[in-house]
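Asks: This is entry-v8.cif, which holds mmCIF, C-alpha atoms:
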data_final
#
loop_
_atom_site.label_atom_id
_atom_site.label_comp_id
_atom_site.auth_asym_id
_atom_site.auth_seq_id
_atom_site.Cartn_x
_atom_site.Cartn_y
_atom_site.Cartn_z
CA MET A 355 149.49 60.36 168.14
CA ARG A 356 146.40 58.46 166.99
CA PRO A 357 146.67 56.83 163.57
CA LEU A 358 144.53 58.27 160.78
CA PHE A 359 142.32 55.17 160.65
CA ARG A 360 141.15 53.13 163.60
CA GLU A 361 139.84 49.60 163.11
CA ASP A 362 138.74 49.16 166.73
CA THR A 363 136.12 51.86 167.05
CA PRO A 364 134.74 51.99 170.58
CA ILE A 365 131.36 50.89 171.87
CA GLU A 366 130.10 53.44 174.39
CA ARG A 367 127.35 52.98 176.95
CA TYR A 368 124.74 55.66 177.65
CA GLY A 369 121.84 55.85 180.06
CA VAL A 370 118.55 56.82 178.44
CA GLY A 371 115.76 57.01 180.97
CA ARG A 372 115.85 53.68 182.79
CA ARG A 373 117.66 51.87 179.99
CA TRP A 374 121.23 51.53 178.94
CA ILE A 375 122.11 51.68 175.26
CA ARG A 376 125.36 50.92 173.52
CA VAL A 377 126.60 52.98 170.61
CA LYS A 378 129.19 51.64 168.17
CA ARG A 379 131.15 54.77 167.32
CA ASP A 380 132.14 54.03 163.75
CA ASP A 381 132.14 57.78 163.22
CA GLN A 382 135.53 57.58 165.00
CA TYR A 383 137.06 55.32 162.32
CA ALA A 384 138.87 58.26 160.75
CA ALA A 385 140.71 61.10 162.47
CA PRO A 386 140.99 64.67 161.16
CA PRO A 387 141.60 65.84 158.52
CA ALA A 388 139.27 63.02 157.44
CA PRO A 389 135.58 63.52 158.18
CA PRO A 390 133.85 61.24 160.73
CA LEU A 391 132.56 58.68 158.21
CA GLY A 392 132.63 54.94 158.87
CA LYS A 393 132.02 54.56 155.13
CA LEU A 394 135.70 55.39 154.63
CA ARG A 395 136.46 51.79 155.67
CA GLY A 396 135.02 50.74 152.34
CA ALA A 397 136.73 53.60 150.53
CA MET A 398 140.12 52.39 151.71
CA ALA A 399 139.41 48.82 150.59
CA LEU A 400 138.14 49.98 147.21
CA LEU A 401 141.04 52.39 146.66
CA GLU A 402 143.54 49.68 147.61
CA ALA A 403 142.05 47.33 145.00
CA LEU A 404 142.10 50.08 142.35
CA TYR A 405 145.67 51.02 143.25
CA ARG A 406 146.81 47.40 142.84
CA ARG A 407 145.24 47.47 139.35
CA GLY A 408 147.32 50.55 138.48
CA VAL A 409 144.59 53.20 138.86
CA ARG A 410 146.11 56.51 139.97
CA LEU A 411 143.13 58.85 139.45
CA VAL A 412 139.72 58.38 141.04
CA GLY A 413 136.63 60.50 140.95
CA CYS A 414 133.77 60.68 143.37
CA TRP A 415 130.44 62.43 143.46
CA ASP A 416 129.74 64.56 146.46
CA THR A 417 126.79 66.64 147.52
CA ARG A 418 126.43 69.98 149.23
CA VAL A 419 125.79 68.25 152.58
CA SER A 420 128.15 65.26 152.41
CA ALA A 421 131.83 65.01 153.24
CA LEU A 422 132.64 61.94 151.14
CA GLY A 423 134.85 63.94 148.78
CA GLN A 424 136.90 65.22 151.70
CA GLY A 425 137.24 61.64 152.92
CA ILE A 426 138.29 60.36 149.50
CA ALA A 427 140.91 63.12 149.26
CA VAL A 428 142.37 62.01 152.60
CA CYS A 429 142.24 58.33 151.64
CA CYS A 430 144.02 58.99 148.34
CA CYS A 431 146.91 60.53 150.28
CA GLN A 432 147.56 57.05 151.71
CA PHE A 433 148.49 55.74 148.24
CA PRO A 434 151.60 57.28 146.64
CA GLY A 435 150.73 59.07 143.41
CA MET A 436 146.98 58.62 143.71
CA ARG A 437 144.90 61.70 142.94
CA SER A 438 141.22 62.47 143.29
CA ILE A 439 138.59 64.52 141.54
CA VAL A 440 135.61 65.54 143.62
CA ALA A 441 132.60 66.39 141.47
CA TYR A 442 129.63 68.21 142.91
CA PRO A 443 126.44 69.94 141.73
CA LYS A 444 126.94 73.64 141.11
CA ARG A 445 124.15 76.15 140.70
CA LYS A 446 124.65 79.73 139.61
CA LEU A 447 125.83 81.97 142.43
CA ASP A 448 126.57 79.05 144.78
CA ASP A 449 129.77 79.08 146.77
CA VAL A 450 131.91 75.97 146.97
CA PRO A 451 130.55 73.87 149.88
CA ALA A 452 132.86 73.77 152.91
CA ALA A 453 133.62 70.02 152.77
CA ILE A 454 134.44 70.28 149.07
CA ALA A 455 136.76 73.22 149.74
CA ARG A 456 138.44 71.07 152.42
CA ALA A 457 138.85 68.28 149.85
CA GLU A 458 140.56 70.75 147.53
CA SER A 459 142.87 71.91 150.34
CA LEU A 460 143.81 68.24 150.84
CA GLY A 461 144.88 67.90 147.21
CA ALA A 462 141.69 66.95 145.39
CA GLU A 463 140.74 68.64 142.17
CA ILE A 464 137.20 69.89 142.37
CA LEU A 465 134.88 69.56 139.42
CA PRO A 466 131.70 71.62 139.52
CA VAL A 467 128.97 70.05 137.39
CA VAL A 468 125.84 71.93 136.39
CA ALA A 469 123.19 70.94 138.90
CA GLY A 470 120.31 68.97 137.45
CA ARG A 471 119.06 65.42 137.52
CA ILE A 472 121.48 63.47 139.67
CA THR A 473 121.90 60.63 137.18
CA ILE A 474 122.79 63.05 134.40
CA SER A 475 125.17 65.09 136.57
CA PHE A 476 126.87 61.94 137.87
CA ALA A 477 127.25 60.61 134.32
CA ALA A 478 128.85 63.90 133.22
CA ALA A 479 131.34 63.68 136.08
CA ARG A 480 132.10 60.02 135.28
CA ARG A 481 132.72 60.88 131.61
CA GLU A 482 135.25 63.54 132.62
CA VAL A 483 137.06 61.25 135.06
CA GLU A 484 137.18 58.42 132.53
CA ARG A 485 138.36 60.82 129.80
CA ARG A 486 141.40 61.36 132.00
CA ASN A 487 141.90 57.58 132.38
CA GLY A 488 140.54 57.59 135.91
CA ALA A 489 137.97 55.43 137.64
CA MET A 490 134.75 56.87 139.02
CA LEU A 491 133.83 55.52 142.43
CA PRO A 492 130.29 54.19 142.78
CA PHE A 493 127.62 56.73 143.69
CA GLY A 494 127.45 57.01 147.48
CA LEU A 495 130.22 54.42 147.70
CA GLU A 496 127.54 51.77 147.23
CA CYS A 497 129.75 48.79 146.48
CA PRO A 498 130.49 45.29 147.79
CA GLU A 499 133.79 46.46 149.33
CA ALA A 500 132.04 49.04 151.52
CA VAL A 501 129.35 46.57 152.62
CA ALA A 502 132.00 43.94 153.42
CA CYS A 503 134.01 46.40 155.54
CA VAL A 504 130.95 47.41 157.56
CA ALA A 505 130.08 43.71 158.01
CA GLU A 506 133.58 42.99 159.27
CA ALA A 507 133.36 45.81 161.82
CA ALA A 508 129.85 44.76 162.88
CA ALA A 509 131.03 41.20 163.44
CA THR A 510 133.31 42.45 166.21
CA VAL A 511 130.34 43.62 168.30
CA PRO A 512 129.86 41.12 171.14
CA PRO A 513 126.65 39.14 170.53
CA GLU A 514 125.32 39.89 174.01
CA PHE A 515 125.09 43.56 172.98
CA THR A 516 122.59 42.80 170.21
CA ARG A 517 120.91 39.50 171.12
CA GLY A 518 117.30 40.03 172.15
CA GLY A 519 117.54 43.77 171.72
CA THR A 520 116.99 46.44 169.15
CA VAL A 521 119.59 47.76 166.73
CA VAL A 522 119.03 51.33 165.60
CA VAL A 523 120.91 52.72 162.63
CA SER A 524 120.70 55.89 160.60
CA VAL A 525 120.29 54.85 156.99
CA GLY A 526 121.22 56.82 153.91
CA SER A 527 122.23 54.77 150.90
CA GLY A 528 121.89 51.45 152.70
CA VAL A 529 125.58 50.49 152.73
CA THR A 530 125.76 50.58 156.53
CA LEU A 531 122.48 48.71 156.96
CA ALA A 532 123.51 46.00 154.49
CA GLY A 533 126.85 45.59 156.27
CA LEU A 534 125.16 45.39 159.66
CA VAL A 535 122.76 42.70 158.47
CA ARG A 536 125.67 40.65 157.14
CA GLY A 537 127.96 41.26 160.10
CA LEU A 538 125.54 40.77 162.95
#
Any chance you could give the structure as C-alpha cells?

Replies:
Amino acid sequence: MRPLFREDTPIERYGVGRRWIRVKRDDQYAAPPAPPLGKLRGAMALLEALYRRGVRLVGCWDTRVSALGQGIAVCCCQFPGMRSIVAYPKRKLDDVPAAIARAESLGAEILPVVAGRITISFAAARREVERRNGAMLPFGLECPEAVACVAEAAATVPPEFTRGGTVVVSVGSGVTLAGLVRGL
C-alpha cells in the first residue's frame, strides 16, 4: 500500500507536437483521502512545528473551489489529538461544498462564515479559532514553511531538465512559484 505522503513525486515525460516536456507531478504528493495538493508538503511542516509547540487545534480558510480544508483535515490525523476547523464563506441557500463536506467526514469541524469581503470573513474565522485557543493557518497556506518545502522538492529536479528551457507553472497564491524560484 502506498504511504499517505510521497516525497519522491515522479517526473513524467510527454510528447507535445515535436517536443518533449517533463511534468513534475507534485499533485501526487498526497494519496486519497487527501486531495492532490503539493501544498500539503508545507501544511505538514507547519502542523509539525505547531504540534511541537503544543497546539492541538488549527483552523484554515477554504473556498468553494479549493480542497485545502480537506487536506488539512487529513494532515491533522497524522498528529495524535490534533483537530481542525475548516472555515468557509457561506451564502444563504448554499449547500456545503463537496471538499468541505469531505473535510467534515475526515473529522474536521466546519465553520460557515457569512460571505463578504475575504479579509473580514477570514478575520472572523481567525477570531473564533483563537477564542478556542487554536491557531489559524495563514491564508492560502502562504508561509515560509510551505515555500521551503516546495523549494526542497524543486531542488531534486535534475538540472538538465530545466537548464536552457522553459518552466511552466500554474500560479495561485504564489507559494509554488516562490518555492520553485528558490529550489531551482

Asks: If the PyMOL selection byres ((chain A and resi 514-528) around 10) were run on this exact file, what residues would it hold? Put them as a short mmCIF file (atom, residue, chain, number, x, y, z; two decimals) with C-alpha atoms, in the frame of the given file.

Replies:
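Printed below is selection-v7.cif as written:
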data_model
loop_
_atom_site.label_atom_id
_atom_site.label_comp_id
_atom_site.auth_asym_id
_atom_site.auth_seq_id
_atom_site.Cartn_x
_atom_site.Cartn_y
_atom_site.Cartn_z
CA ILE A 365 131.36 50.89 171.87
CA ILE A 375 122.11 51.68 175.26
CA ARG A 376 125.36 50.92 173.52
CA VAL A 377 126.60 52.98 170.61
CA PHE A 493 127.62 56.73 143.69
CA GLY A 494 127.45 57.01 147.48
CA LEU A 495 130.22 54.42 147.70
CA GLU A 496 127.54 51.77 147.23
CA VAL A 501 129.35 46.57 152.62
CA VAL A 511 130.34 43.62 168.30
CA PRO A 512 129.86 41.12 171.14
CA PRO A 513 126.65 39.14 170.53
CA VAL A 529 125.58 50.49 152.73
CA THR A 530 125.76 50.58 156.53
CA LEU A 531 122.48 48.71 156.96
CA ALA A 532 123.51 46.00 154.49
CA GLY A 533 126.85 45.59 156.27
CA LEU A 534 125.16 45.39 159.66
CA LEU A 538 125.54 40.77 162.95
#

Asks: Give as a ChimeraX atom specification the set of residues within 12 Å of the point (123.9, 78.3, 144.0), where distances use the file's coordinates and only C-alpha atoms.

Replies: /A:418,442-451,466-470

Asks: Please return, as a PDB file with C-alpha atoms, in the frame of the given file, all polymer residues that have at least one atom within 12 Å of the point (136.6, 41.0, 161.3); use all atoms listed in the file and the file's own coordinate frame.

Replies:
ATOM      1  CA  GLU A 361     139.840  49.600 163.110  1.00  0.00           C
ATOM      2  CA  ASP A 362     138.740  49.160 166.730  1.00  0.00           C
ATOM      3  CA  ALA A 502     132.000  43.940 153.420  1.00  0.00           C
ATOM      4  CA  CYS A 503     134.010  46.400 155.540  1.00  0.00           C
ATOM      5  CA  VAL A 504     130.950  47.410 157.560  1.00  0.00           C
ATOM      6  CA  ALA A 505     130.080  43.710 158.010  1.00  0.00           C
ATOM      7  CA  GLU A 506     133.580  42.990 159.270  1.00  0.00           C
ATOM      8  CA  ALA A 507     133.360  45.810 161.820  1.00  0.00           C
ATOM      9  CA  ALA A 508     129.850  44.760 162.880  1.00  0.00           C
ATOM     10  CA  ALA A 509     131.030  41.200 163.440  1.00  0.00           C
ATOM     11  CA  THR A 510     133.310  42.450 166.210  1.00  0.00           C
ATOM     12  CA  VAL A 511     130.340  43.620 168.300  1.00  0.00           C
ATOM     13  CA  PRO A 512     129.860  41.120 171.140  1.00  0.00           C
ATOM     14  CA  GLY A 533     126.850  45.590 156.270  1.00  0.00           C
ATOM     15  CA  ARG A 536     125.670  40.650 157.140  1.00  0.00           C
ATOM     16  CA  GLY A 537     127.960  41.260 160.100  1.00  0.00           C
ATOM     17  CA  LEU A 538     125.540  40.770 162.950  1.00  0.00           C
TER      18      LEU A 538
END

Asks: Would you please work out which residue, of A:Ala421, A:Ile464, A:Ile454, A:Ala489, is nearest to A:Met436 when using all atoms listed in the file?

Replies: A:Ala489

Asks: Between A:Cys431, A:Trp415, A:Ala453, A:Ala403, which is the closest to A:Ile474 once you count only C-alpha atoms?

Replies: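 The shortest atom-to-atom distance to A:Ile474 comes from A:Trp415.
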